[in-house]
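Remarks on the structure that follows.
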Amino acid sequence: MLPDLHVHTARCGHAQGVLEDYLACARRLGLAYLGFADHLPLYWLPPEERDRGLAMPEEELPGYVEEVLSLKGRVGGVAVALGIEADYIPGFEERLRKLLSKHPFDYVLGAVHFVDGWGFDNPACLEGYAAWRVDDLYARYFELVLQAVRSGLFDVLAHPDLVKKFGYRPGTDVRGLYEEVAGAMAGASVCVEVNTAGLRVPAQEIYPSLEFLKACRRHGVPAAVGSDAHHPGHVAWAWPLAREWLLAAGYRRVVFFEERKPRFLEIT
């Protein structure tokens, strides 16, 4: 079964369940590989401004790392990996690099959740869409995605077209943006994440779109798979559809990681 590289826990403040709950689900489903990738603390903000409902406090990060490491190796047939999901914020690259270097992550998911300080994927911030033309928002979002890819900080680009989460779609053809990002990913050795969480939100589509994923395949970008689980029942969410998406784009294998080194698994 496809490995799941994107699983959160209650530590992030907006998910349910502890590590063992997610691992138990992975065992029942027959997953061979489960990667925990909880949200990195909001490192770019002063401690007093960090929202506990969006990510763990920085003092909890060592505990998260220790918990996952305690499960590493094959536990009940499941290989457990230590990942992290880190936000890309322009101007704070060195602070992020320093924080990541303190811990032995197997992989780092890079994500753009904020556009110029606005948490566009946060349901509590939906009013922010009124300030944007959708086409302009897409252009700015992908500008930040390109910066994230080229930063050298990330192994995988998580939910690459997250900007579609609430169903806002551009009126112009964005395939050129897909090609540009895919080319940059190939050049920076950054993998693309096929993320099924898009099926659980108004977008009603896997991240990234099939056109975007096909662009990644044309450029030789490896693909990882993640459920973005925020509840144990989300582990390997819609895996048959993820498999179909990958095959439709031309992928025949997916990537997982050990100590920041990619490994590959054939899609069966």
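Residues are named by chain letter and number: chains run A, B, ... in the order of the structure tokens, numbers start at 1 in each chain, and ligands are numbered from 1 in the order shown.
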
7 Å contact set for region 164-180 of chain A, only C-alpha atoms, chain neighbours under 3 positions out, as a PDB file with all heavy atoms, in the first residue's frame:
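Done, and the output landed in around_29.pdb:
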```pdb
ATOM      1  N   ASP A 121      -5.689  29.664   4.085  1.00  0.00           N
ATOM      2  CA  ASP A 121      -6.346  28.355   4.181  1.00  0.00           C
ATOM      3  C   ASP A 121      -7.059  28.158   5.515  1.00  0.00           C
ATOM      4  O   ASP A 121      -7.606  27.091   5.776  1.00  0.00           O
ATOM      5  CB  ASP A 121      -5.332  27.233   3.961  1.00  0.00           C
ATOM      6  CG  ASP A 121      -4.449  26.985   5.165  1.00  0.00           C
ATOM      7  OD1 ASP A 121      -3.990  27.982   5.767  1.00  0.00           O
ATOM      8  OD2 ASP A 121      -4.218  25.815   5.512  1.00  0.00           O
ATOM      9  N   VAL A 134      -8.980  36.832  -7.777  1.00  0.00           N
ATOM     10  CA  VAL A 134      -8.511  35.453  -7.661  1.00  0.00           C
ATOM     11  C   VAL A 134      -7.266  35.216  -8.516  1.00  0.00           C
ATOM     12  O   VAL A 134      -6.318  34.559  -8.073  1.00  0.00           O
ATOM     13  CB  VAL A 134      -9.635  34.465  -8.032  1.00  0.00           C
ATOM     14  CG1 VAL A 134      -9.104  33.021  -8.042  1.00  0.00           C
ATOM     15  CG2 VAL A 134     -10.785  34.578  -7.038  1.00  0.00           C
ATOM     16  N   ASP A 135      -7.237  35.777  -9.718  1.00  0.00           N
ATOM     17  CA  ASP A 135      -6.061  35.585 -10.575  1.00  0.00           C
ATOM     18  C   ASP A 135      -4.809  36.174  -9.932  1.00  0.00           C
ATOM     19  O   ASP A 135      -3.719  35.585 -10.003  1.00  0.00           O
ATOM     20  CB  ASP A 135      -6.291  36.221 -11.936  1.00  0.00           C
ATOM     21  CG  ASP A 135      -7.338  35.484 -12.764  1.00  0.00           C
ATOM     22  OD1 ASP A 135      -7.741  34.384 -12.353  1.00  0.00           O
ATOM     23  OD2 ASP A 135      -7.735  36.013 -13.809  1.00  0.00           O
ATOM     24  N   ASP A 161      -1.065  23.151  -4.643  1.00  0.00           N
ATOM     25  CA  ASP A 161      -2.030  24.168  -5.058  1.00  0.00           C
ATOM     26  C   ASP A 161      -3.097  24.367  -3.976  1.00  0.00           C
ATOM     27  O   ASP A 161      -4.290  24.448  -4.253  1.00  0.00           O
ATOM     28  CB  ASP A 161      -2.657  23.837  -6.419  1.00  0.00           C
ATOM     29  CG  ASP A 161      -3.306  22.457  -6.483  1.00  0.00           C
ATOM     30  OD1 ASP A 161      -3.225  21.712  -5.480  1.00  0.00           O
ATOM     31  OD2 ASP A 161      -3.894  22.123  -7.529  1.00  0.00           O
ATOM     32  N   GLY A 183       9.306  22.821 -13.141  1.00  0.00           N
ATOM     33  CA  GLY A 183      10.698  22.936 -13.568  1.00  0.00           C
ATOM     34  C   GLY A 183      11.620  23.319 -12.427  1.00  0.00           C
ATOM     35  O   GLY A 183      12.732  22.791 -12.303  1.00  0.00           O
ATOM     36  N   ALA A 184      11.144  24.228 -11.576  1.00  0.00           N
ATOM     37  CA  ALA A 184      11.944  24.634 -10.416  1.00  0.00           C
ATOM     38  C   ALA A 184      12.111  23.483  -9.435  1.00  0.00           C
ATOM     39  O   ALA A 184      13.192  23.297  -8.855  1.00  0.00           O
ATOM     40  CB  ALA A 184      11.289  25.827  -9.726  1.00  0.00           C
ATOM     41  N   GLY A 198      -7.529  17.527  -0.093  1.00  0.00           N
ATOM     42  CA  GLY A 198      -8.365  18.372  -0.939  1.00  0.00           C
ATOM     43  C   GLY A 198      -9.748  17.810  -1.171  1.00  0.00           C
ATOM     44  O   GLY A 198     -10.692  18.545  -1.483  1.00  0.00           O
ATOM     45  N   VAL A 201     -12.397  19.067   1.616  1.00  0.00           N
ATOM     46  CA  VAL A 201     -12.669  20.504   1.726  1.00  0.00           C
ATOM     47  C   VAL A 201     -13.439  20.954   0.482  1.00  0.00           C
ATOM     48  O   VAL A 201     -13.644  20.163  -0.455  1.00  0.00           O
ATOM     49  CB  VAL A 201     -11.355  21.297   1.882  1.00  0.00           C
ATOM     50  CG1 VAL A 201     -10.648  20.913   3.178  1.00  0.00           C
ATOM     51  CG2 VAL A 201     -10.433  21.099   0.683  1.00  0.00           C
ATOM     52  N   PRO A 202     -13.883  22.220   0.417  1.00  0.00           N
ATOM     53  CA  PRO A 202     -14.674  22.661  -0.738  1.00  0.00           C
ATOM     54  C   PRO A 202     -14.021  22.455  -2.097  1.00  0.00           C
ATOM     55  O   PRO A 202     -14.724  22.325  -3.113  1.00  0.00           O
ATOM     56  CB  PRO A 202     -14.900  24.153  -0.441  1.00  0.00           C
ATOM     57  CG  PRO A 202     -14.935  24.224   1.056  1.00  0.00           C
ATOM     58  CD  PRO A 202     -13.887  23.238   1.501  1.00  0.00           C
ATOM     59  N   ALA A 203     -12.704  22.437  -2.173  1.00  0.00           N
ATOM     60  CA  ALA A 203     -12.042  22.214  -3.465  1.00  0.00           C
ATOM     61  C   ALA A 203     -12.503  20.925  -4.119  1.00  0.00           C
ATOM     62  O   ALA A 203     -12.610  20.830  -5.347  1.00  0.00           O
ATOM     63  CB  ALA A 203     -10.525  22.201  -3.286  1.00  0.00           C
ATOM     64  N   PHE A 212      -1.377  19.868 -13.036  1.00  0.00           N
ATOM     65  CA  PHE A 212      -0.162  20.223 -12.296  1.00  0.00           C
ATOM     66  C   PHE A 212       0.692  18.978 -12.085  1.00  0.00           C
ATOM     67  O   PHE A 212       1.914  18.997 -12.296  1.00  0.00           O
ATOM     68  CB  PHE A 212      -0.566  20.846 -10.962  1.00  0.00           C
ATOM     69  CG  PHE A 212       0.518  21.579 -10.223  1.00  0.00           C
ATOM     70  CD1 PHE A 212       0.187  22.416  -9.160  1.00  0.00           C
ATOM     71  CD2 PHE A 212       1.863  21.449 -10.539  1.00  0.00           C
ATOM     72  CE1 PHE A 212       1.159  23.107  -8.446  1.00  0.00           C
ATOM     73  CE2 PHE A 212       2.852  22.138  -9.839  1.00  0.00           C
ATOM     74  CZ  PHE A 212       2.493  22.960  -8.787  1.00  0.00           C
ATOM     75  N   ALA A 215       2.473  17.971 -15.164  1.00  0.00           N
ATOM     76  CA  ALA A 215       3.637  18.833 -15.408  1.00  0.00           C
ATOM     77  C   ALA A 215       4.829  18.358 -14.589  1.00  0.00           C
ATOM     78  O   ALA A 215       5.966  18.319 -15.076  1.00  0.00           O
ATOM     79  CB  ALA A 215       3.291  20.283 -15.071  1.00  0.00           C
TER      80      ALA A 215
END
```

Please return as a PDB file with N, CA, C and O atoms, in the first residue's frame: the residues of region 163-249 of chain A that backbone DSSP assigns to helix (DSSP H, G or I).
```pdb
ATOM      1  N   VAL A 163      -4.023  26.847  -2.598  1.00  0.00           N
ATOM      2  CA  VAL A 163      -4.791  28.077  -2.806  1.00  0.00           C
ATOM      3  C   VAL A 163      -6.210  27.794  -3.310  1.00  0.00           C
ATOM      4  O   VAL A 163      -7.105  28.640  -3.184  1.00  0.00           O
ATOM      5  N   LYS A 164      -6.452  26.599  -3.840  1.00  0.00           N
ATOM      6  CA  LYS A 164      -7.802  26.255  -4.316  1.00  0.00           C
ATOM      7  C   LYS A 164      -8.697  25.705  -3.208  1.00  0.00           C
ATOM      8  O   LYS A 164      -9.854  25.364  -3.476  1.00  0.00           O
ATOM      9  N   ARG A 175      -1.631  27.022 -16.455  1.00  0.00           N
ATOM     10  CA  ARG A 175      -0.724  25.912 -16.766  1.00  0.00           C
ATOM     11  C   ARG A 175       0.729  26.377 -16.875  1.00  0.00           C
ATOM     12  O   ARG A 175       1.644  25.615 -16.577  1.00  0.00           O
ATOM     13  N   GLY A 176       0.920  27.621 -17.267  1.00  0.00           N
ATOM     14  CA  GLY A 176       2.283  28.153 -17.308  1.00  0.00           C
ATOM     15  C   GLY A 176       2.904  28.212 -15.924  1.00  0.00           C
ATOM     16  O   GLY A 176       4.110  27.948 -15.761  1.00  0.00           O
ATOM     17  N   LEU A 177       2.094  28.540 -14.924  1.00  0.00           N
ATOM     18  CA  LEU A 177       2.586  28.540 -13.541  1.00  0.00           C
ATOM     19  C   LEU A 177       2.949  27.126 -13.109  1.00  0.00           C
ATOM     20  O   LEU A 177       3.972  26.909 -12.449  1.00  0.00           O
ATOM     21  N   TYR A 178       2.119  26.160 -13.472  1.00  0.00           N
ATOM     22  CA  TYR A 178       2.421  24.767 -13.129  1.00  0.00           C
ATOM     23  C   TYR A 178       3.759  24.346 -13.725  1.00  0.00           C
ATOM     24  O   TYR A 178       4.582  23.704 -13.052  1.00  0.00           O
ATOM     25  N   GLU A 179       3.979  24.684 -14.990  1.00  0.00           N
ATOM     26  CA  GLU A 179       5.221  24.299 -15.654  1.00  0.00           C
ATOM     27  C   GLU A 179       6.421  24.966 -14.984  1.00  0.00           C
ATOM     28  O   GLU A 179       7.457  24.324 -14.782  1.00  0.00           O
ATOM     29  N   GLU A 180       6.267  26.228 -14.620  1.00  0.00           N
ATOM     30  CA  GLU A 180       7.374  26.937 -13.990  1.00  0.00           C
ATOM     31  C   GLU A 180       7.722  26.323 -12.644  1.00  0.00           C
ATOM     32  O   GLU A 180       8.904  26.112 -12.326  1.00  0.00           O
ATOM     33  N   VAL A 181       6.707  26.027 -11.851  1.00  0.00           N
ATOM     34  CA  VAL A 181       6.956  25.429 -10.541  1.00  0.00           C
ATOM     35  C   VAL A 181       7.544  24.034 -10.697  1.00  0.00           C
ATOM     36  O   VAL A 181       8.505  23.671 -10.009  1.00  0.00           O
ATOM     37  N   ALA A 182       6.993  23.238 -11.609  1.00  0.00           N
ATOM     38  CA  ALA A 182       7.500  21.882 -11.812  1.00  0.00           C
ATOM     39  C   ALA A 182       8.965  21.906 -12.248  1.00  0.00           C
ATOM     40  O   ALA A 182       9.778  21.107 -11.775  1.00  0.00           O
ATOM     41  N   GLY A 183       9.306  22.821 -13.141  1.00  0.00           N
ATOM     42  CA  GLY A 183      10.698  22.936 -13.568  1.00  0.00           C
ATOM     43  C   GLY A 183      11.620  23.319 -12.427  1.00  0.00           C
ATOM     44  O   GLY A 183      12.732  22.791 -12.303  1.00  0.00           O
ATOM     45  N   ALA A 184      11.144  24.228 -11.576  1.00  0.00           N
ATOM     46  CA  ALA A 184      11.944  24.634 -10.416  1.00  0.00           C
ATOM     47  C   ALA A 184      12.111  23.483  -9.435  1.00  0.00           C
ATOM     48  O   ALA A 184      13.192  23.297  -8.855  1.00  0.00           O
ATOM     49  N   MET A 185      11.060  22.696  -9.252  1.00  0.00           N
ATOM     50  CA  MET A 185      11.143  21.548  -8.356  1.00  0.00           C
ATOM     51  C   MET A 185      12.163  20.538  -8.860  1.00  0.00           C
ATOM     52  O   MET A 185      12.949  19.996  -8.079  1.00  0.00           O
ATOM     53  N   ALA A 186      12.146  20.297 -10.155  1.00  0.00           N
ATOM     54  CA  ALA A 186      13.121  19.368 -10.736  1.00  0.00           C
ATOM     55  C   ALA A 186      14.539  19.882 -10.520  1.00  0.00           C
ATOM     56  O   ALA A 186      15.436  19.125 -10.141  1.00  0.00           O
ATOM     57  N   GLY A 187      14.727  21.173 -10.717  1.00  0.00           N
ATOM     58  CA  GLY A 187      16.055  21.750 -10.560  1.00  0.00           C
ATOM     59  C   GLY A 187      16.552  21.754  -9.136  1.00  0.00           C
ATOM     60  O   GLY A 187      17.764  21.695  -8.892  1.00  0.00           O
ATOM     61  N   ALA A 188      15.616  21.819  -8.174  1.00  0.00           N
ATOM     62  CA  ALA A 188      15.983  21.881  -6.754  1.00  0.00           C
ATOM     63  C   ALA A 188      15.868  20.527  -6.046  1.00  0.00           C
ATOM     64  O   ALA A 188      16.085  20.453  -4.835  1.00  0.00           O
ATOM     65  N   THR A 196      -4.434  13.995  -0.400  1.00  0.00           N
ATOM     66  CA  THR A 196      -5.863  13.714  -0.563  1.00  0.00           C
ATOM     67  C   THR A 196      -6.763  14.585   0.299  1.00  0.00           C
ATOM     68  O   THR A 196      -7.980  14.479   0.206  1.00  0.00           O
ATOM     69  N   ALA A 197      -6.198  15.467   1.122  1.00  0.00           N
ATOM     70  CA  ALA A 197      -7.028  16.325   1.971  1.00  0.00           C
ATOM     71  C   ALA A 197      -7.912  17.248   1.156  1.00  0.00           C
ATOM     72  O   ALA A 197      -8.944  17.721   1.640  1.00  0.00           O
ATOM     73  N   GLY A 198      -7.529  17.527  -0.093  1.00  0.00           N
ATOM     74  CA  GLY A 198      -8.365  18.372  -0.939  1.00  0.00           C
ATOM     75  C   GLY A 198      -9.748  17.810  -1.171  1.00  0.00           C
ATOM     76  O   GLY A 198     -10.692  18.545  -1.483  1.00  0.00           O
ATOM     77  N   LEU A 199      -9.882  16.493  -0.996  1.00  0.00           N
ATOM     78  CA  LEU A 199     -11.189  15.854  -1.155  1.00  0.00           C
ATOM     79  C   LEU A 199     -12.093  16.070   0.057  1.00  0.00           C
ATOM     80  O   LEU A 199     -13.289  15.794  -0.014  1.00  0.00           O
ATOM     81  N   ARG A 200     -11.516  16.555   1.168  1.00  0.00           N
ATOM     82  CA  ARG A 200     -12.285  16.756   2.391  1.00  0.00           C
ATOM     83  C   ARG A 200     -12.699  18.214   2.583  1.00  0.00           C
ATOM     84  O   ARG A 200     -13.259  18.556   3.625  1.00  0.00           O
ATOM     85  N   LEU A 210      -4.660  17.453 -11.583  1.00  0.00           N
ATOM     86  CA  LEU A 210      -4.043  16.475 -12.473  1.00  0.00           C
ATOM     87  C   LEU A 210      -3.136  17.155 -13.485  1.00  0.00           C
ATOM     88  O   LEU A 210      -2.051  16.630 -13.811  1.00  0.00           O
ATOM     89  N   GLU A 211      -3.506  18.328 -13.982  1.00  0.00           N
ATOM     90  CA  GLU A 211      -2.645  19.054 -14.925  1.00  0.00           C
ATOM     91  C   GLU A 211      -1.306  19.415 -14.279  1.00  0.00           C
ATOM     92  O   GLU A 211      -0.247  19.312 -14.899  1.00  0.00           O
ATOM     93  N   PHE A 212      -1.377  19.868 -13.036  1.00  0.00           N
ATOM     94  CA  PHE A 212      -0.162  20.223 -12.296  1.00  0.00           C
ATOM     95  C   PHE A 212       0.692  18.978 -12.085  1.00  0.00           C
ATOM     96  O   PHE A 212       1.914  18.997 -12.296  1.00  0.00           O
ATOM     97  N   LEU A 213       0.065  17.881 -11.701  1.00  0.00           N
ATOM     98  CA  LEU A 213       0.812  16.648 -11.452  1.00  0.00           C
ATOM     99  C   LEU A 213       1.443  16.123 -12.738  1.00  0.00           C
ATOM    100  O   LEU A 213       2.579  15.629 -12.729  1.00  0.00           O
ATOM    101  N   LYS A 214       0.740  16.252 -13.848  1.00  0.00           N
ATOM    102  CA  LYS A 214       1.315  15.831 -15.123  1.00  0.00           C
ATOM    103  C   LYS A 214       2.532  16.681 -15.478  1.00  0.00           C
ATOM    104  O   LYS A 214       3.521  16.166 -16.022  1.00  0.00           O
ATOM    105  N   ALA A 215       2.473  17.971 -15.164  1.00  0.00           N
ATOM    106  CA  ALA A 215       3.637  18.833 -15.408  1.00  0.00           C
ATOM    107  C   ALA A 215       4.829  18.358 -14.589  1.00  0.00           C
ATOM    108  O   ALA A 215       5.966  18.319 -15.076  1.00  0.00           O
ATOM    109  N   CYS A 216       4.567  17.986 -13.337  1.00  0.00           N
ATOM    110  CA  CYS A 216       5.640  17.463 -12.484  1.00  0.00           C
ATOM    111  C   CYS A 216       6.234  16.196 -13.077  1.00  0.00           C
ATOM    112  O   CYS A 216       7.460  16.016 -13.096  1.00  0.00           O
ATOM    113  N   ARG A 217       5.375  15.334 -13.569  1.00  0.00           N
ATOM    114  CA  ARG A 217       5.865  14.090 -14.167  1.00  0.00           C
ATOM    115  C   ARG A 217       6.714  14.371 -15.401  1.00  0.00           C
ATOM    116  O   ARG A 217       7.764  13.737 -15.607  1.00  0.00           O
ATOM    117  N   ARG A 218       6.284  15.305 -16.232  1.00  0.00           N
ATOM    118  CA  ARG A 218       7.060  15.643 -17.434  1.00  0.00           C
ATOM    119  C   ARG A 218       8.454  16.135 -17.078  1.00  0.00           C
ATOM    120  O   ARG A 218       9.414  15.886 -17.810  1.00  0.00           O
ATOM    121  N   PRO A 232      -7.154  10.202  13.420  1.00  0.00           N
ATOM    122  CA  PRO A 232      -6.672   8.860  13.056  1.00  0.00           C
ATOM    123  C   PRO A 232      -7.423   8.236  11.891  1.00  0.00           C
ATOM    124  O   PRO A 232      -6.831   7.513  11.076  1.00  0.00           O
ATOM    125  N   GLY A 233      -8.698   8.535  11.777  1.00  0.00           N
ATOM    126  CA  GLY A 233      -9.485   7.981  10.683  1.00  0.00           C
ATOM    127  C   GLY A 233      -9.132   8.531   9.318  1.00  0.00           C
ATOM    128  O   GLY A 233      -9.609   8.019   8.289  1.00  0.00           O
ATOM    129  N   HIS A 234      -8.284   9.569   9.270  1.00  0.00           N
ATOM    130  CA  HIS A 234      -7.856  10.140   7.995  1.00  0.00           C
ATOM    131  C   HIS A 234      -6.636   9.441   7.407  1.00  0.00           C
ATOM    132  O   HIS A 234      -6.267   9.730   6.266  1.00  0.00           O
ATOM    133  N   TRP A 239      -7.033   6.504  -0.526  1.00  0.00           N
ATOM    134  CA  TRP A 239      -5.838   5.977  -1.173  1.00  0.00           C
ATOM    135  C   TRP A 239      -6.090   5.410  -2.566  1.00  0.00           C
ATOM    136  O   TRP A 239      -5.246   5.577  -3.460  1.00  0.00           O
ATOM    137  N   PRO A 240      -7.219   4.727  -2.826  1.00  0.00           N
ATOM    138  CA  PRO A 240      -7.462   4.266  -4.204  1.00  0.00           C
ATOM    139  C   PRO A 240      -7.527   5.423  -5.204  1.00  0.00           C
ATOM    140  O   PRO A 240      -7.042   5.295  -6.336  1.00  0.00           O
ATOM    141  N   LEU A 241      -8.093   6.565  -4.785  1.00  0.00           N
ATOM    142  CA  LEU A 241      -8.157   7.726  -5.676  1.00  0.00           C
ATOM    143  C   LEU A 241      -6.766   8.339  -5.870  1.00  0.00           C
ATOM    144  O   LEU A 241      -6.441   8.803  -6.970  1.00  0.00           O
ATOM    145  N   ALA A 242      -5.958   8.340  -4.808  1.00  0.00           N
ATOM    146  CA  ALA A 242      -4.577   8.831  -4.943  1.00  0.00           C
ATOM    147  C   ALA A 242      -3.810   7.971  -5.941  1.00  0.00           C
ATOM    148  O   ALA A 242      -3.051   8.499  -6.780  1.00  0.00           O
ATOM    149  N   ARG A 243      -3.998   6.680  -5.848  1.00  0.00           N
ATOM    150  CA  ARG A 243      -3.320   5.771  -6.774  1.00  0.00           C
ATOM    151  C   ARG A 243      -3.750   6.053  -8.206  1.00  0.00           C
ATOM    152  O   ARG A 243      -2.909   6.122  -9.113  1.00  0.00           O
ATOM    153  N   GLU A 244      -5.055   6.251  -8.436  1.00  0.00           N
ATOM    154  CA  GLU A 244      -5.547   6.550  -9.776  1.00  0.00           C
ATOM    155  C   GLU A 244      -4.970   7.869 -10.294  1.00  0.00           C
ATOM    156  O   GLU A 244      -4.617   7.978 -11.474  1.00  0.00           O
ATOM    157  N   TRP A 245      -4.870   8.875  -9.412  1.00  0.00           N
ATOM    158  CA  TRP A 245      -4.336  10.193  -9.778  1.00  0.00           C
ATOM    159  C   TRP A 245      -2.889  10.054 -10.232  1.00  0.00           C
ATOM    160  O   TRP A 245      -2.488  10.612 -11.251  1.00  0.00           O
ATOM    161  N   LEU A 246      -2.114   9.301  -9.453  1.00  0.00           N
ATOM    162  CA  LEU A 246      -0.707   9.088  -9.785  1.00  0.00           C
ATOM    163  C   LEU A 246      -0.554   8.371 -11.120  1.00  0.00           C
ATOM    164  O   LEU A 246       0.241   8.792 -11.976  1.00  0.00           O
ATOM    165  N   LEU A 247      -1.289   7.304 -11.309  1.00  0.00           N
ATOM    166  CA  LEU A 247      -1.180   6.544 -12.546  1.00  0.00           C
ATOM    167  C   LEU A 247      -1.636   7.364 -13.743  1.00  0.00           C
ATOM    168  O   LEU A 247      -1.030   7.300 -14.818  1.00  0.00           O
ATOM    169  N   ALA A 248      -2.695   8.167 -13.563  1.00  0.00           N
ATOM    170  CA  ALA A 248      -3.186   9.002 -14.658  1.00  0.00           C
ATOM    171  C   ALA A 248      -2.153  10.037 -15.084  1.00  0.00           C
ATOM    172  O   ALA A 248      -2.112  10.441 -16.255  1.00  0.00           O
ATOM    173  N   ALA A 249      -1.324  10.463 -14.141  1.00  0.00           N
ATOM    174  CA  ALA A 249      -0.275  11.435 -14.448  1.00  0.00           C
ATOM    175  C   ALA A 249       0.980  10.773 -15.005  1.00  0.00           C
ATOM    176  O   ALA A 249       1.913  11.474 -15.431  1.00  0.00           O
TER     177      ALA A 249
END
```

What are the closest atom pairs, with distances in Å to one decimal, for all residues of region 93-181 of chain A lying within 9 Å of region 41-57 of chain A? Consider only C-alpha atoms, order rows by chain and residue number, and present the result as JSON lines.
```
{"residue": "A:Arg95", "atom": "CA", "partner": "A:Tyr43", "partner_atom": "CA", "distance": 7.4}
{"residue": "A:Leu96", "atom": "CA", "partner": "A:Tyr43", "partner_atom": "CA", "distance": 7.0}
{"residue": "A:Leu99", "atom": "CA", "partner": "A:Tyr43", "partner_atom": "CA", "distance": 8.3}
```

Every residue of region 19-208 of chain A that DSSP places in strand (DSSP E or B), as a ChimeraX atom specification | /A:33-39,73-75,78-87,107-111,114-115,118-119,156-157,191-195,207

Pick from A:Gly128, A:Gly35, A:Gly63, A:Gly152: nearest to Gly83 (chain A), with only C-alpha atoms counted?
-> A:Gly35

Near Ala24 (chain A), counting only C-alpha atoms, which residues have an atom at most 10 Å away, once you skip same-chain residues fewer than 6 positions from it, shown as number ranges by chain?
-> A: 30, 75-76, 78, 232, 235

Go through A:Ala229, A:Leu126, A:Val145, A:Val194 one by one, measure the shortest atom-to-atom distance of each to Asp21 (chain A) using only C-alpha atoms, and give the residue with the smallest value.
->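 Closest to Asp21 (chain A) of all the choices is A:Ala229.
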
Measuring atom to atom with only C-alpha atoms, identify which of A:Tyr207, A:Asp136, A:His231, A:Val156 is nearest to Gly17 (chain A).
->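 Ranked by minimum distance to Gly17 (chain A), first place goes to A:His231.
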
Choose the residue, out of A:Arg133, A:Arg27, A:Arg11, A:Arg140, that has the smallest atom-to-atom separation from Val80 (chain A); count only C-alpha atoms.
->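 Under the stated criterion, the closest residue is A:Arg27.
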
Looking at A:Val7, A:Leu157, A:Leu144, A:Val192, which one is nearest to Asp228 (chain A), with distances taken over only C-alpha atoms?
->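 Closest to Asp228 (chain A), using only C-alpha atoms: A:Val7.
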
Within 8 Å of Asp155 (chain A), counting only C-alpha atoms, which residues show up once you throw out same-chain ones fewer than 5 positions away? Write them as a list in words, please.
->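 What passes the distance filter is Tyr107, Val108, Leu109, Gly110, Ser189, Val190, Cys191 and Arg260 of chain A.
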
Got time to write the residues from that selection, N, CA, C and O atoms, as a compact mmCIF listing (two decimals), in the first residue's frame?
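The result, stored in part-v3.txt:
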```txt
# COMPACT_ATOMS: atom_id res chain seq x y z
N TYR A 107 12.58 13.78 6.75
CA TYR A 107 12.19 14.63 5.62
C TYR A 107 11.48 15.86 6.15
O TYR A 107 10.96 15.87 7.28
N VAL A 108 11.45 16.89 5.32
CA VAL A 108 10.78 18.15 5.66
C VAL A 108 9.79 18.49 4.56
O VAL A 108 10.18 18.61 3.38
N LEU A 109 8.53 18.61 4.93
CA LEU A 109 7.51 19.09 4.00
C LEU A 109 7.51 20.61 4.04
O LEU A 109 7.42 21.22 5.11
N GLY A 110 7.59 21.24 2.89
CA GLY A 110 7.50 22.69 2.82
C GLY A 110 6.10 23.09 2.39
O GLY A 110 5.50 22.45 1.52
N SER A 189 15.54 19.47 -6.80
CA SER A 189 15.35 18.13 -6.23
C SER A 189 14.31 18.13 -5.10
O SER A 189 14.52 17.56 -4.03
N VAL A 190 13.20 18.79 -5.37
CA VAL A 190 12.08 18.82 -4.44
C VAL A 190 10.96 17.95 -5.00
O VAL A 190 10.61 18.07 -6.18
N CYS A 191 10.41 17.08 -4.19
CA CYS A 191 9.34 16.18 -4.61
C CYS A 191 7.98 16.87 -4.51
O CYS A 191 7.80 17.82 -3.75
N ARG A 260 16.70 12.07 5.27
CA ARG A 260 16.69 13.06 4.18
C ARG A 260 17.11 12.46 2.83
O ARG A 260 17.34 13.20 1.87
```
